[in-house]
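run_26.tsv (TSV, C-alpha atoms)
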chain	number	residue	atom	x	y	z
A	20	MET	CA	-58.68	54.37	-100.51
A	21	SER	CA	-56.45	57.31	-101.34
A	22	ASN	CA	-55.99	57.95	-97.68
A	23	ASP	CA	-54.77	54.37	-97.16
A	24	LEU	CA	-52.26	54.69	-99.97
A	25	ASP	CA	-51.03	57.99	-98.67
A	26	ALA	CA	-50.59	56.55	-95.21
A	27	SER	CA	-48.68	53.49	-96.42
A	28	LEU	CA	-46.36	55.63	-98.57
A	29	ARG	CA	-45.55	57.88	-95.68
A	30	ALA	CA	-44.86	54.87	-93.53
A	31	ALA	CA	-42.50	53.39	-96.12
A	32	LEU	CA	-40.60	56.60	-96.79
A	33	ARG	CA	-40.31	57.75	-93.25
A	34	PRO	CA	-36.84	58.92	-92.07
A	35	VAL	CA	-34.87	56.10	-90.45
A	36	ASP	CA	-31.78	56.38	-88.29
A	37	PRO	CA	-28.85	54.71	-90.17
A	38	GLY	CA	-27.06	53.77	-87.00
A	39	GLU	CA	-23.54	54.58	-85.73
A	40	GLY	CA	-21.53	52.17	-87.94
A	41	LEU	CA	-22.57	53.57	-91.32
A	42	THR	CA	-20.02	56.40	-91.47
A	43	GLN	CA	-17.15	54.08	-90.57
A	44	LYS	CA	-18.28	51.48	-93.09
A	45	VAL	CA	-18.42	54.07	-95.89
A	46	LEU	CA	-14.98	55.53	-94.99
A	47	ALA	CA	-13.43	52.06	-94.85
A	48	ALA	CA	-14.89	51.20	-98.25
A	49	ILE	CA	-13.50	54.42	-99.76
A	50	GLU	CA	-10.06	53.81	-98.25
A	51	GLN	CA	-9.93	50.26	-99.58
A	52	ASP	CA	-10.95	51.40	-103.02
A	53	THR	CA	-8.28	54.17	-103.12
A	54	ALA	CA	-5.49	51.85	-101.96
A	55	GLY	CA	-6.24	49.30	-104.69
A	56	GLN	CA	-6.25	51.74	-107.62
A	57	PRO	CA	-2.59	52.83	-108.44
A	58	GLY	CA	-0.85	49.39	-108.54
A	59	PRO	CA	-1.05	46.87	-111.38
A	60	PRO	CA	-3.42	43.96	-111.08
A	61	PRO	CA	-2.07	40.99	-109.05
A	62	ALA	CA	-1.34	38.89	-112.15
A	63	ARG	CA	0.88	41.62	-113.63
A	64	GLN	CA	2.78	42.04	-110.33
A	65	SER	CA	3.52	38.31	-110.26
A	66	GLY	CA	4.84	38.47	-113.86
A	67	TRP	CA	7.37	41.16	-112.96
A	68	ARG	CA	8.49	39.15	-109.95
A	69	TRP	CA	9.10	36.07	-112.08
A	70	ALA	CA	10.93	38.09	-114.71
A	71	SER	CA	13.30	39.56	-112.14
A	72	VAL	CA	13.96	36.12	-110.63
A	73	ALA	CA	14.61	34.67	-114.10
A	74	LEU	CA	16.96	37.55	-114.92
A	75	THR	CA	18.90	37.06	-111.69
A	76	VAL	CA	19.19	33.31	-112.27
A	77	ALA	CA	20.31	33.90	-115.89
A	78	LEU	CA	22.89	36.42	-114.71
A	79	LEU	CA	24.25	34.03	-112.07
A	80	LEU	CA	24.36	31.17	-114.58
A	81	GLY	CA	26.16	33.40	-117.08
A	82	LEU	CA	28.74	34.45	-114.51
A	83	GLY	CA	29.25	30.84	-113.44
A	84	THR	CA	29.70	29.67	-117.02
A	85	ALA	CA	32.15	32.49	-117.77
A	86	HIS	CA	34.15	31.63	-114.66
A	87	GLN	CA	34.24	27.92	-115.60
A	88	TRP	CA	35.31	28.76	-119.16
A	89	GLN	CA	38.11	30.96	-117.80
A	90	VAL	CA	39.29	28.19	-115.43
A	91	ARG	CA	39.21	25.59	-118.23
A	92	ARG	CA	41.05	27.95	-120.60
A	93	GLN	CA	43.76	28.50	-117.99
A	94	GLU	CA	44.12	24.75	-117.43
A	95	ARG	CA	44.38	24.12	-121.18
A	96	GLY	CA	46.84	27.00	-121.56
A	97	LEU	CA	49.11	25.77	-118.79
A	98	GLU	CA	49.01	22.22	-120.19
A	99	ALA	CA	49.79	23.54	-123.70
A	100	ARG	CA	52.66	25.58	-122.26
A	101	ARG	CA	54.07	22.50	-120.51
A	102	GLN	CA	53.79	20.48	-123.74
A	103	LEU	CA	55.45	23.25	-125.74
A	104	ILE	CA	58.43	23.39	-123.40
A	105	GLU	CA	58.72	19.58	-123.47
A	106	ALA	CA	58.54	19.58	-127.29
A	107	LEU	CA	61.29	22.18	-127.49
A	108	GLN	CA	63.42	20.14	-125.07
A	109	VAL	CA	62.99	16.94	-127.11
A	110	THR	CA	63.73	18.79	-130.37
A	111	SER	CA	66.86	20.39	-129.00
A	112	ALA	CA	68.06	17.12	-127.46
A	113	LYS	CA	67.76	15.32	-130.82
A	114	LEU	CA	69.52	18.17	-132.63
A	115	ASP	CA	72.24	17.87	-130.02
A	116	VAL	CA	72.64	14.15	-130.74
A	117	ALA	CA	73.12	14.96	-134.45
A	118	TYR	CA	75.57	17.69	-133.62
A	119	ARG	CA	77.62	15.50	-131.26
A	120	VAL	CA	77.89	12.65	-133.77
A	121	VAL	CA	78.89	14.97	-136.62
A	122	ASN	CA	81.35	16.76	-134.36
A	123	ASP	CA	82.90	13.51	-133.13
A	124	GLU	CA	83.29	12.26	-136.70
A	125	GLU	CA	84.97	15.53	-137.74
A	126	LYS	CA	87.35	15.28	-134.79
A	127	THR	CA	88.20	11.68	-135.66
A	128	GLU	CA	88.81	12.60	-139.30
A	129	ASN	CA	91.02	15.56	-138.33
A	130	GLY	CA	92.90	13.48	-135.80
A	131	SER	CA	93.68	10.60	-138.15
B	26	MET	CA	20.88	14.56	-166.98
B	27	LYS	CA	21.69	18.06	-165.76
B	28	ARG	CA	20.94	16.99	-162.24
B	29	GLN	CA	23.36	14.05	-162.49
B	30	ALA	CA	26.11	16.36	-163.74
B	31	TYR	CA	25.41	18.76	-160.91
B	32	LEU	CA	25.60	15.94	-158.35
B	33	ALA	CA	28.85	14.67	-159.87
B	34	ILE	CA	30.42	18.14	-159.62
B	35	LEU	CA	29.19	18.50	-156.06
B	36	ALA	CA	30.65	15.11	-155.08
B	37	ALA	CA	33.98	15.97	-156.71
B	38	ALA	CA	34.09	19.31	-154.89
B	39	LEU	CA	33.33	17.61	-151.57
B	40	LEU	CA	36.02	14.99	-152.17
B	41	LEU	CA	38.57	17.68	-153.00
B	42	ALA	CA	37.62	19.71	-149.93
B	43	THR	CA	37.92	16.62	-147.72
B	44	ARG	CA	41.34	15.76	-149.14
B	45	LEU	CA	42.58	19.33	-148.73
B	46	ALA	CA	41.29	19.46	-145.16
B	47	SER	CA	42.93	16.15	-144.22
B	48	ALA	CA	46.21	17.06	-145.91
B	49	GLY	CA	46.98	19.86	-143.43
B	50	PRO	CA	49.29	22.76	-144.09
B	51	PRO	CA	52.47	22.23	-146.14
B	52	GLY	CA	55.25	20.83	-144.01
B	53	GLN	CA	52.91	18.69	-141.92
B	54	LEU	CA	53.33	14.92	-141.92
B	55	GLN	CA	50.59	12.35	-141.55
B	56	LEU	CA	51.88	10.69	-138.40
B	57	PRO	CA	50.70	7.15	-137.62
B	58	SER	CA	48.82	6.77	-134.36
B	59	PHE	CA	51.52	4.49	-132.83
B	60	ASP	CA	48.80	3.15	-130.52
B	61	SER	CA	50.50	-0.24	-130.31
B	62	LEU	CA	53.67	1.37	-128.98
B	63	THR	CA	52.06	3.07	-126.01
B	64	GLY	CA	51.63	-0.23	-124.17
B	65	LYS	CA	55.03	-1.60	-125.09
B	66	SER	CA	57.09	1.46	-124.24
B	67	SER	CA	58.42	2.24	-120.80
B	68	GLN	CA	58.07	5.95	-121.45
B	69	SER	CA	56.23	7.87	-124.14
B	70	VAL	CA	55.80	11.47	-125.17
B	71	ASN	CA	52.87	12.32	-127.41
B	72	ILE	CA	52.54	16.02	-128.11
B	73	THR	CA	50.13	17.54	-130.61
B	74	LEU	CA	50.10	21.30	-130.65
B	75	ASP	CA	48.19	22.81	-133.57
B	76	SER	CA	48.15	26.53	-134.31
B	77	THR	CA	45.32	27.17	-131.82
B	78	LEU	CA	47.06	25.39	-128.96
B	79	LEU	CA	50.40	26.95	-129.87
B	80	GLY	CA	48.79	30.38	-129.67
B	81	LEU	CA	47.25	29.49	-126.33
B	82	ALA	CA	50.57	28.12	-125.01
B	83	ALA	CA	52.40	31.24	-126.19
B	84	SER	CA	49.91	33.45	-124.37
B	85	PHE	CA	50.84	31.68	-121.12
B	86	LEU	CA	54.58	32.31	-121.58
B	87	ASP	CA	55.92	35.14	-119.49
B	88	SER	CA	57.60	37.75	-121.69
B	89	ASN	CA	59.49	39.12	-118.68
B	90	LYS	CA	61.45	35.87	-118.34
B	91	PRO	CA	64.20	35.70	-120.97
B	92	GLU	CA	63.84	31.97	-121.63
B	93	GLU	CA	60.06	32.18	-122.05
B	94	ALA	CA	60.37	35.28	-124.23
B	95	ALA	CA	62.79	33.32	-126.46
B	96	ALA	CA	60.35	30.40	-126.66
B	97	ARG	CA	57.59	32.82	-127.56
B	98	GLN	CA	59.68	34.15	-130.44
B	99	VAL	CA	60.38	30.62	-131.65
B	100	VAL	CA	56.72	29.69	-131.84
B	101	SER	CA	55.53	33.02	-133.25
B	102	GLY	CA	55.71	31.84	-136.86
B	103	LEU	CA	54.78	28.21	-136.27
B	104	GLN	CA	51.54	26.43	-137.18
B	105	GLY	CA	52.13	23.22	-135.27
B	106	ILE	CA	54.52	21.06	-133.29
B	107	TYR	CA	54.05	17.30	-133.21
B	108	VAL	CA	56.26	15.01	-131.14
B	109	ARG	CA	56.08	11.23	-130.81
B	110	SER	CA	58.79	9.71	-128.66
B	111	TYR	CA	58.96	6.20	-127.20
B	112	THR	CA	61.52	4.63	-124.90
B	113	PHE	CA	61.73	0.84	-124.47
B	114	ASN	CA	63.32	-1.59	-122.04
B	115	LYS	CA	64.36	-3.90	-124.88
B	116	ASP	CA	66.43	-3.19	-127.98
B	117	PHE	CA	64.56	-2.44	-131.23
B	118	ALA	CA	61.10	-3.03	-129.81
B	119	TYR	CA	59.57	-0.44	-132.12
B	120	PRO	CA	57.98	-1.46	-135.43
B	121	THR	CA	60.12	-0.40	-138.35
B	122	ALA	CA	57.10	-0.49	-140.72
B	123	GLU	CA	55.54	2.54	-139.06
B	124	VAL	CA	58.84	4.40	-139.13
B	125	GLU	CA	59.16	3.59	-142.83
B	126	ALA	CA	55.62	4.89	-143.42
B	127	VAL	CA	56.80	8.22	-142.09
B	128	ARG	CA	60.04	8.16	-144.08
B	129	LYS	CA	58.11	7.49	-147.30
B	130	GLN	CA	56.42	10.87	-146.97
B	131	LEU	CA	59.76	12.63	-146.83
B	132	VAL	CA	60.55	12.64	-150.52
B	133	PRO	CA	61.82	15.32	-152.90
B	134	PRO	CA	60.94	17.84	-154.17
B	135	THR	CA	58.87	18.77	-151.10
B	136	TRP	CA	61.34	17.44	-148.56
B	137	GLN	CA	65.11	17.71	-148.59
B	138	ARG	CA	67.34	15.82	-146.21
B	139	LEU	CA	69.63	18.23	-144.41
B	140	VAL	CA	71.46	15.80	-142.16
B	141	GLN	CA	71.82	12.04	-141.97
B	142	VAL	CA	73.72	10.77	-138.97
B	143	ARG	CA	74.63	7.12	-138.38
B	144	SER	CA	76.83	6.61	-135.35
B	145	LYS	CA	78.74	3.58	-134.04
B	146	ASP	CA	76.41	3.56	-131.02
B	147	GLN	CA	73.47	3.24	-133.43
B	148	ASP	CA	72.32	6.77	-132.71
B	149	ASN	CA	70.61	7.59	-135.98
B	150	VAL	CA	69.28	11.03	-136.74
B	151	ASP	CA	67.74	12.28	-139.97
B	152	ILE	CA	66.75	15.89	-140.38
B	153	TYR	CA	64.52	16.93	-143.25
B	154	ILE	CA	63.31	20.34	-144.26
B	155	SER	CA	60.43	21.40	-146.46
B	156	ALA	CA	60.63	24.75	-148.22
B	157	ASP	CA	58.50	26.82	-150.51
B	158	ARG	CA	60.15	29.62	-152.53
B	159	GLY	CA	63.21	29.47	-150.35
B	160	ARG	CA	61.29	29.72	-147.10
B	161	ALA	CA	61.24	26.77	-144.70
B	162	ASN	CA	57.73	25.68	-143.80
B	163	GLY	CA	58.41	22.32	-142.21
B	164	LEU	CA	61.09	20.44	-140.29
B	165	VAL	CA	61.20	16.77	-139.42
B	166	ILE	CA	63.62	15.03	-137.10
B	167	ILE	CA	63.63	11.24	-136.99
B	168	ALA	CA	65.93	10.00	-134.27
B	169	SER	CA	66.39	6.43	-133.19
B	170	ASP	CA	68.68	4.38	-131.07
B	171	PRO	CA	68.17	0.75	-130.05
B	172	ARG	CA	65.87	1.71	-127.17
B	173	GLU	CA	64.35	4.97	-128.28
B	174	PHE	CA	62.45	6.24	-131.26
B	175	THR	CA	61.46	9.89	-131.79
B	176	ILE	CA	59.74	11.84	-134.52
B	177	VAL	CA	59.47	15.62	-134.35
B	178	ASN	CA	57.49	17.58	-136.93
B	179	ILE	CA	57.58	21.36	-136.73
B	180	VAL	CA	55.21	23.09	-139.14
B	181	GLY	CA	55.44	26.73	-140.15
B	182	SER	CA	58.05	29.38	-140.65
B	183	ILE	CA	61.10	27.97	-138.90
B	184	ASP	CA	63.84	30.28	-137.83
B	185	LEU	CA	66.90	28.31	-136.77
B	186	GLN	CA	68.38	31.50	-135.37
B	187	LYS	CA	65.48	31.73	-132.93
B	188	LEU	CA	65.73	28.03	-132.11
B	189	HIS	CA	69.39	28.65	-131.44
B	190	GLN	CA	68.41	31.28	-128.83
B	191	LEU	CA	66.87	28.54	-126.70
B	192	GLU	CA	70.26	27.05	-125.93
B	193	GLY	CA	70.84	26.70	-122.23
B	194	LYS	CA	67.19	27.50	-121.44
B	195	PHE	CA	64.49	25.09	-120.15
B	196	GLY	CA	67.27	22.52	-119.72
B	197	VAL	CA	67.97	22.68	-123.47
B	198	PRO	CA	71.61	21.72	-123.97
B	199	LYS	CA	74.15	24.06	-125.53
B	200	LEU	CA	73.90	23.01	-129.16
B	201	GLN	CA	76.69	25.16	-130.64
B	202	LEU	CA	74.84	25.08	-133.95
B	203	SER	CA	76.54	26.99	-136.73
B	204	VAL	CA	73.50	29.04	-137.73
B	205	GLY	CA	73.50	30.49	-141.22
B	206	LYS	CA	76.17	28.17	-142.57

Starting from the coordinates I provided, produce the structure as structure tokens.
Amino acid sequence: MSNDLDASLRAALRPVDPGEGLTQKVLAAIEQDTAGQPGPPPARQSGWRWASVALTVALLLGLGTAHQWQVRRQERGLEARRQLIEALQVTSAKLDVAYRVVNDEEKTENGS
Amino acid sequence: MKRQAYLAILAAALLLATRLASAGPPGQLQLPSFDSLTGKSSQSVNITLDSTLLGLAASFLDSNKPEEAAARQVVSGLQGIYVRSYTFNKDFAYPTAEVEAVRKQLVPPTWQRLVQVRSKDQDNVDIYISADRGRANGLVIIASDPREFTIVNIVGSIDLQKLHQLEGKFGVPKLQLSVGK
């Protein structure tokens, strides 16, 4: 009975040849494990990517808005300038009418 | 009871604030809209330049050009320029009621008439000035002839000497104004 047990144990624990592929498999597993360790998990990487895209879009939108504001300000400024010059022309023309009439009356009075 | 008094004070304060805000700075007229005239007139000029727009306009004037530098000096103390001018193909097509509504605002002691001109050609010009402690803060010109009607309201510190410097610039005629007399 004890001899049977001894024989079956020996048979089960006998040295077995692992085959040629074992070393390569182990090295490949180690390499894969080392390469995965230093970087952040995939979800975190994706978050950074989205943040940088959002920042770039925000920056571009900001620049576009600033440019549009500048263009609109220039248009308004040039229109205001044109109106100012026209207002000064109208004002001066009406003052000139008053001056001419008063001057003509003075001349008539002095002449008579 | 206290709450009612509080509400009454609040309402009065709001009413006062609204009236002050709508009144504008001293020297500024409440100009009618003249909407009805825009369709009837053959030519119209409607200019509203408040202090913000005047500042913006001034910033677009080139100081290196003498005429624009002079205009810049003119507007430096101003708070607003308002021009309504209408030209018609028919005689006296403008409503006198609206003109009278403007004239009614031009009463002493705030407004003093500087010049009243009535010519044979029916060129009528009235010039009013508003002053506070000897300093002009508003000028109004109402000019009319049978086919044209113009109101100019300049608000702010008006320097006729500076206005005089614009003569011969921007197509402004030589006025030969006797400044300071």

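For the pair atom CA of B:Leu79 and atom CA of A:Glu105, the separation is 12.8 Å.
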
If the cut-off is 12 Å, can you tell me the residues of chain A near chain B, counting only C-alpha atoms? I'd like them as a ChimeraX atom specification. /A:92-124

Within 12 Å of B:Asp60 using all atoms listed in the file, minus same-chain residues under 6 positions, as a PyMOL selection string: chain B and resi 66+69+71+109+111+119-120+123

Two-atom distance - atom CA of B:Pro51, atom CA of B:Gly181 (Å):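 Answer for the atom CA of B:Pro51 to atom CA of B:Gly181 separation: 8.1 Å.
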
Within 10 Å of B:Ile183, counting only C-alpha atoms, which residues show up once you throw out same-chain ones fewer than 5 positions away? Write them as a count of residues only, please. 14

Atom pair atom CA of B:Arg128 / atom CA of B:Glu173: separation (Å):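 That distance, rounded to one decimal, is 16.7 Å.
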